[in-house]
Amino acid sequence: MEKRLMHAVQYNAYGGGPNALKQVEVPIPSPNKDEILIKMEAASINPLDWKIQKRILWPILPAKFPYIPCMDVAGEVIEVGKGVTKFKAGDKVVGLTSPFSGGGLAEFAVIKESVTALRPPEISASEFAGLPVAGITALQALSQSIGIKLDGSGERKNILVTAASGGVGHYAVQLAKLGNAHVTATCGARNIEFVKSLGADEVIDYRTPEGAALKSPSGKKYDAVIHCANEFPWSVFEPNLSMNAKVVDMSPTFGSVISFALKKLTFPKKQLVPWFLLPNCRDLQYLVDLVKQGKLRTIIDSKYPLTKAADGWAKSIDGHATGKIIFEFE
Ligand SMILES: NC(=O)c1ccc[n+]([C@@H]2O[C@H](COP(=O)([O-])OP(=O)(O)OC[C@H]3O[C@@H](n4cnc5c(N)ncnc54)[C@H](OP(=O)(O)O)[C@@H]3O)[C@@H](O)[C@H]2O)c1
């Protein structure tokens, strides 16, 4: 039988940036075992999406071309595959597509039940579409790597969040405050008031000498850094760190992973820790519930319809979004 078609955006080879994104019509995918088919309401882009197009994960990703990019998706369940027990048609959900198959920039997408969370229908899909990659990354870095207890019951720590105005950073500031941390944040001058409104105690403009040196205005040493900005030499972090501090590096390179492994052998007190998110429905549901309770906000930089996906893609590559870039579907 002829499969029904949907509108989607895909690219056919590495490189080419936003110009390589093509508007196409392709068959609506079918959910396999443990998978859910959703009608898309919103998606969000993460730097990883365009880094994959730039070959950063060659030859692993994309697994094949053509490739429909974007992993963060929110929509309504249309059909569930065999073995799915937690969701049914009509549920409003948020989740992640597999980076191997891709699929977020399309009218319908397939997601695994294990990386899907139920979201409240009364709040718009766009408020949740930013959570999967950026939110889970911020949550796991704070709770698993640094040991912050999000109910605020743990020891008070001094945390630095770099690029606090971005997707990961703006969630990290809010979550660190829930965990009762003292938060110093870096961002551009235009975002200082915004980052303070997220709860940061001290904010430094990254384009000033103090910002470039990551110096806390009150002279505090950091117990941990959620490092979302691009690479900084270790010599910039080192004088600002307390004993046993961790710098959690969101953009690890092959070299930094190797150097981390080698340094581990010498048991250094201050560590640069490469970080990779591990998507799971428990952490995602936790974040969704925080949004529902009004304890966590997604700040939306800009919204694009699917027909203007290339503009949102270009905006993300530009690197100056405040919060999340969202694609909305009719
Ligand atoms: N390891 C993982 O599992 C994982 C998961 C998610 C993301 N990441 C990585 O984490 C990084 C951040 O991701 P994101 O989604 O937050 O990026 P993003 O939203 O694109 O970040 C944009 C923001 O960063 C600010 N910024 C840029 N350079 C800065 C600097 N030197 N100091 C302070 N602020 C700066 C920009 O401010 P201005 O406009 O003022 O310049 C802008 O507001 C990316 O490299 C991404 O690939 C890793």
# chains A, B, ... in the order shown; residues from 1 in each chain; ligands from 1
>>> residues_near_ligand(ligand="ligand 1", cutoff="6 Å", atoms="only C-alpha atoms and all ligand atoms", output="compact mmCIF listing (two decimals) with C-alpha atoms, in the first residue's frame")
# COMPACT_ATOMS: atom_id res chain seq x y z
CA ASN A 46 21.05 22.20 19.51
CA PRO A 47 24.60 22.95 18.35
CA LEU A 48 25.09 19.16 18.09
CA VAL A 133 19.17 17.75 25.08
CA ALA A 134 19.95 21.07 26.80
CA THR A 137 22.66 17.90 29.95
CA THR A 162 29.84 29.92 31.35
CA ALA A 163 27.65 30.97 28.40
CA SER A 165 22.52 32.88 28.25
CA GLY A 166 22.59 29.84 25.94
CA GLY A 167 20.42 26.73 25.81
CA VAL A 168 22.32 24.60 28.33
CA GLY A 169 23.50 27.56 30.42
CA THR A 186 29.23 34.64 32.25
CA CYS A 187 27.33 36.10 29.30
CA GLY A 188 27.42 39.08 26.94
CA TYR A 206 32.63 37.70 28.99
CA CYS A 228 29.19 25.76 28.12
CA ALA A 229 31.35 28.33 26.30
CA ASN A 230 34.02 27.34 23.81
CA MET A 250 30.29 20.49 27.63
CA SER A 251 32.29 20.53 24.39
CA TRP A 275 30.68 15.54 29.70
CA PHE A 276 28.17 13.73 27.47
CA LEU A 277 24.47 13.54 28.22
CA SER A 316 22.02 28.48 15.87
CA GLY A 319 26.06 31.16 18.25
CA HIS A 320 24.24 34.15 19.74
CA ALA A 321 20.87 32.76 20.75
CA THR A 322 19.44 33.74 24.14
CA GLY A 323 17.79 30.54 25.38
>>> select_by_dssp(residues="region 58-301 of chain A", states="strand (DSSP E)", output="JSON, numbers by chain")
{"A": [72, 73, 74, 75, 76, 77, 78, 79, 80, 92, 93, 94, 95, 96, 108, 109, 110, 111, 112, 116, 117, 118, 158, 159, 160, 161, 162, 182, 183, 184, 185, 186, 187, 202, 203, 204, 205, 222, 223, 224, 225, 226, 227, 241, 242, 243, 244, 245, 246, 247, 248, 249, 271, 272, 273, 274, 300, 301]}
>>> atom_distance(atom1="CA of Ile123 (chain A)", atom2="CA of Val291 (chain A)")
9.1 Å
>>> closest_residue(among="A:Leu105, A:Ile300, A:Ile317, A:Ile159", to="Trp50 (chain A)", atoms="only C-alpha atoms")
A:Ile317
>>> closest_residue(among="A:Val80, A:Ala310, A:Val161, A:Ile325", to="Gly16 (chain A)", atoms="only C-alpha atoms")
A:Ala310
>>> residues_around(residues="Lys86 (chain A)", least_positions_apart="4", cutoff="10 Å", atoms="only C-alpha atoms", output="list in words")
Val80, Asp91, Glu113, Ser114, Thr116, Ala117 and Leu118 of chain A
>>> write_last_selection(atoms="C-alpha atoms", output="PDB file, in the first residue's frame")
ATOM      1  CA  VAL A  80       2.344   3.260  19.585  1.00  0.00           C
ATOM      2  CA  ASP A  91      -1.113  11.866  24.902  1.00  0.00           C
ATOM      3  CA  GLU A 113       9.382   5.128  24.841  1.00  0.00           C
ATOM      4  CA  SER A 114      12.557   5.077  26.990  1.00  0.00           C
ATOM      5  CA  THR A 116       9.815  10.129  26.199  1.00  0.00           C
ATOM      6  CA  ALA A 117       7.969  12.035  28.930  1.00  0.00           C
ATOM      7  CA  LEU A 118       4.331  13.009  29.347  1.00  0.00           C
TER       8      LEU A 118
END
>>> closest_residue(among="A:Ala138, A:Val288, A:Ile299, A:Ile68", to="Val24 (chain A)", atoms="only C-alpha atoms")
A:Ile68
>>> atom_distance(atom1="CA of Lys324 (chain A)", atom2="CA of Asp301 (chain A)")
5.3 Å
>>> residues_around(residues="Phe232 (chain A)", least_positions_apart="3", cutoff="10 Å", atoms="only C-alpha atoms", output="PyMOL selection string")
chain A and resi 212-214+227+229+235-237+249
>>> residues_around(residues="Lys196 (chain A)", least_positions_apart="2", cutoff="12 Å", atoms="only C-alpha atoms", output="list of chain:residue names")
A:Ala164, A:Ser165, A:His170, A:Val173, A:Gln174, A:Lys177, A:Val183, A:Thr184, A:Ala185, A:Thr186, A:Cys187, A:Ala189, A:Arg190, A:Asn191, A:Ile192, A:Glu193, A:Phe194, A:Leu198, A:Gly199, A:Ala200, A:Asp201, A:Glu202, A:Val203, A:Ile204
>>> residues_around(residues="Ser126 (chain A)", least_positions_apart="6", cutoff="9 Å", atoms="only C-alpha atoms", output="list in words")
Glu41, Ala42, Ala43, Ser44, Ala74, Thr298, Ile300, Lys303, Ile326, Phe327 and Glu328 of chain A
>>> residues_around(residues="Gln271 (chain A)", least_positions_apart="6", cutoff="12 Å", atoms="only C-alpha atoms", output="mmCIF file with N, CA and C atoms, in the first residue's frame")
data_model
loop_
_atom_site.group_PDB
_atom_site.id
_atom_site.type_symbol
_atom_site.label_atom_id
_atom_site.label_comp_id
_atom_site.auth_asym_id
_atom_site.auth_seq_id
_atom_site.Cartn_x
_atom_site.Cartn_y
_atom_site.Cartn_z
ATOM 1 N N SER A 145 27.607 14.843 38.034
ATOM 2 C CA SER A 145 29.047 15.135 38.057
ATOM 3 C C SER A 145 29.434 15.952 39.291
ATOM 4 N N ILE A 146 28.623 16.951 39.614
ATOM 5 C CA ILE A 146 29.002 17.870 40.693
ATOM 6 C C ILE A 146 28.373 17.472 42.025
ATOM 7 N N ASP A 223 33.727 25.889 43.203
ATOM 8 C CA ASP A 223 33.818 24.448 43.510
ATOM 9 C C ASP A 223 33.553 23.626 42.250
ATOM 10 N N ALA A 224 32.857 24.240 41.297
ATOM 11 C CA ALA A 224 32.573 23.536 40.034
ATOM 12 C C ALA A 224 32.246 24.564 38.959
ATOM 13 N N VAL A 225 32.548 24.182 37.722
ATOM 14 C CA VAL A 225 32.218 25.023 36.573
ATOM 15 C C VAL A 225 31.399 24.195 35.600
ATOM 16 N N TRP A 234 43.330 25.669 30.410
ATOM 17 C CA TRP A 234 43.238 25.280 31.819
ATOM 18 C C TRP A 234 43.809 26.384 32.720
ATOM 19 N N PHE A 237 41.155 28.675 34.076
ATOM 20 C CA PHE A 237 40.311 28.116 35.151
ATOM 21 C C PHE A 237 41.081 28.025 36.471
ATOM 22 N N GLU A 238 42.291 27.477 36.364
ATOM 23 C CA GLU A 238 43.043 27.000 37.538
ATOM 24 C C GLU A 238 43.052 27.978 38.728
ATOM 25 N N LEU A 241 39.760 28.236 40.939
ATOM 26 C CA LEU A 241 39.116 27.017 41.450
ATOM 27 C C LEU A 241 39.498 26.735 42.900
ATOM 28 N N SER A 242 38.512 26.232 43.653
ATOM 29 C CA SER A 242 38.827 25.776 45.007
ATOM 30 C C SER A 242 39.478 24.390 44.903
ATOM 31 N N MET A 243 40.015 23.941 46.020
ATOM 32 C CA MET A 243 40.623 22.607 46.057
ATOM 33 C C MET A 243 39.558 21.578 45.657
ATOM 34 N N ASN A 244 39.890 20.546 44.918
ATOM 35 C CA ASN A 244 38.967 19.478 44.501
ATOM 36 C C ASN A 244 37.870 19.950 43.551
ATOM 37 N N ALA A 245 38.072 21.100 42.897
ATOM 38 C CA ALA A 245 37.026 21.604 41.984
ATOM 39 C C ALA A 245 36.985 20.783 40.697
ATOM 40 N N LYS A 246 35.784 20.804 40.077
ATOM 41 C CA LYS A 246 35.616 20.114 38.787
ATOM 42 C C LYS A 246 35.174 21.130 37.746
ATOM 43 N N VAL A 247 35.788 21.085 36.580
ATOM 44 C CA VAL A 247 35.301 21.863 35.442
ATOM 45 C C VAL A 247 34.629 20.867 34.500
ATOM 46 N N VAL A 248 33.311 20.962 34.386
ATOM 47 C CA VAL A 248 32.571 20.009 33.561
ATOM 48 C C VAL A 248 32.478 20.597 32.148
ATOM 49 N N ASP A 249 33.176 19.964 31.240
ATOM 50 C CA ASP A 249 33.359 20.509 29.888
ATOM 51 C C ASP A 249 32.278 19.976 28.945
ATOM 52 N N SER A 256 40.867 16.394 24.653
ATOM 53 C CA SER A 256 40.549 16.637 26.063
ATOM 54 C C SER A 256 40.105 15.350 26.758
ATOM 55 N N VAL A 257 39.466 14.447 26.014
ATOM 56 C CA VAL A 257 39.058 13.163 26.613
ATOM 57 C C VAL A 257 40.302 12.340 26.952
ATOM 58 N N SER A 259 43.340 13.517 27.465
ATOM 59 C CA SER A 259 44.097 14.156 28.546
ATOM 60 C C SER A 259 43.413 13.918 29.899
ATOM 61 N N PHE A 260 42.055 13.859 29.901
ATOM 62 C CA PHE A 260 41.318 13.546 31.130
ATOM 63 C C PHE A 260 41.695 12.144 31.610
ATOM 64 N N ALA A 261 41.705 11.189 30.673
ATOM 65 C CA ALA A 261 42.001 9.801 31.036
ATOM 66 C C ALA A 261 43.421 9.694 31.596
ATOM 67 N N LEU A 262 44.372 10.387 30.973
ATOM 68 C CA LEU A 262 45.760 10.322 31.440
ATOM 69 C C LEU A 262 45.912 10.986 32.809
ATOM 70 N N LYS A 263 45.267 12.158 32.950
ATOM 71 C CA LYS A 263 45.375 12.895 34.224
ATOM 72 C C LYS A 263 44.797 12.104 35.384
ATOM 73 N N LYS A 264 43.732 11.321 35.078
ATOM 74 C CA LYS A 264 43.078 10.514 36.116
ATOM 75 C C LYS A 264 44.099 9.642 36.847
ATOM 76 N N LEU A 265 45.112 9.195 36.072
ATOM 77 C CA LEU A 265 46.107 8.287 36.640
ATOM 78 C C LEU A 265 46.911 8.958 37.754
#
>>> closest_residue(among="A:Glu107, A:Asp205, A:Glu79, A:Asp289", to="Glu330 (chain A)", atoms="only C-alpha atoms")
A:Glu107
>>> select_by_dssp(residues="region 121-323 of chain A", states="helix (DSSP H, G or I)", output="ChimeraX atom specification")
/A:126-129,131-145,167-178,189-197,209-212,234-240,254-264,281-292,306-318
>>> closest_residue(among="A:Phe108, A:Phe65, A:Phe100, A:Tyr222", to="Val77 (chain A)", atoms="only C-alpha atoms")
A:Phe108
>>> closest_residue(among="A:Ala172, A:Lys220, A:Pro120, A:Pro66", to="Asn158 (chain A)", atoms="only C-alpha atoms")
A:Lys220
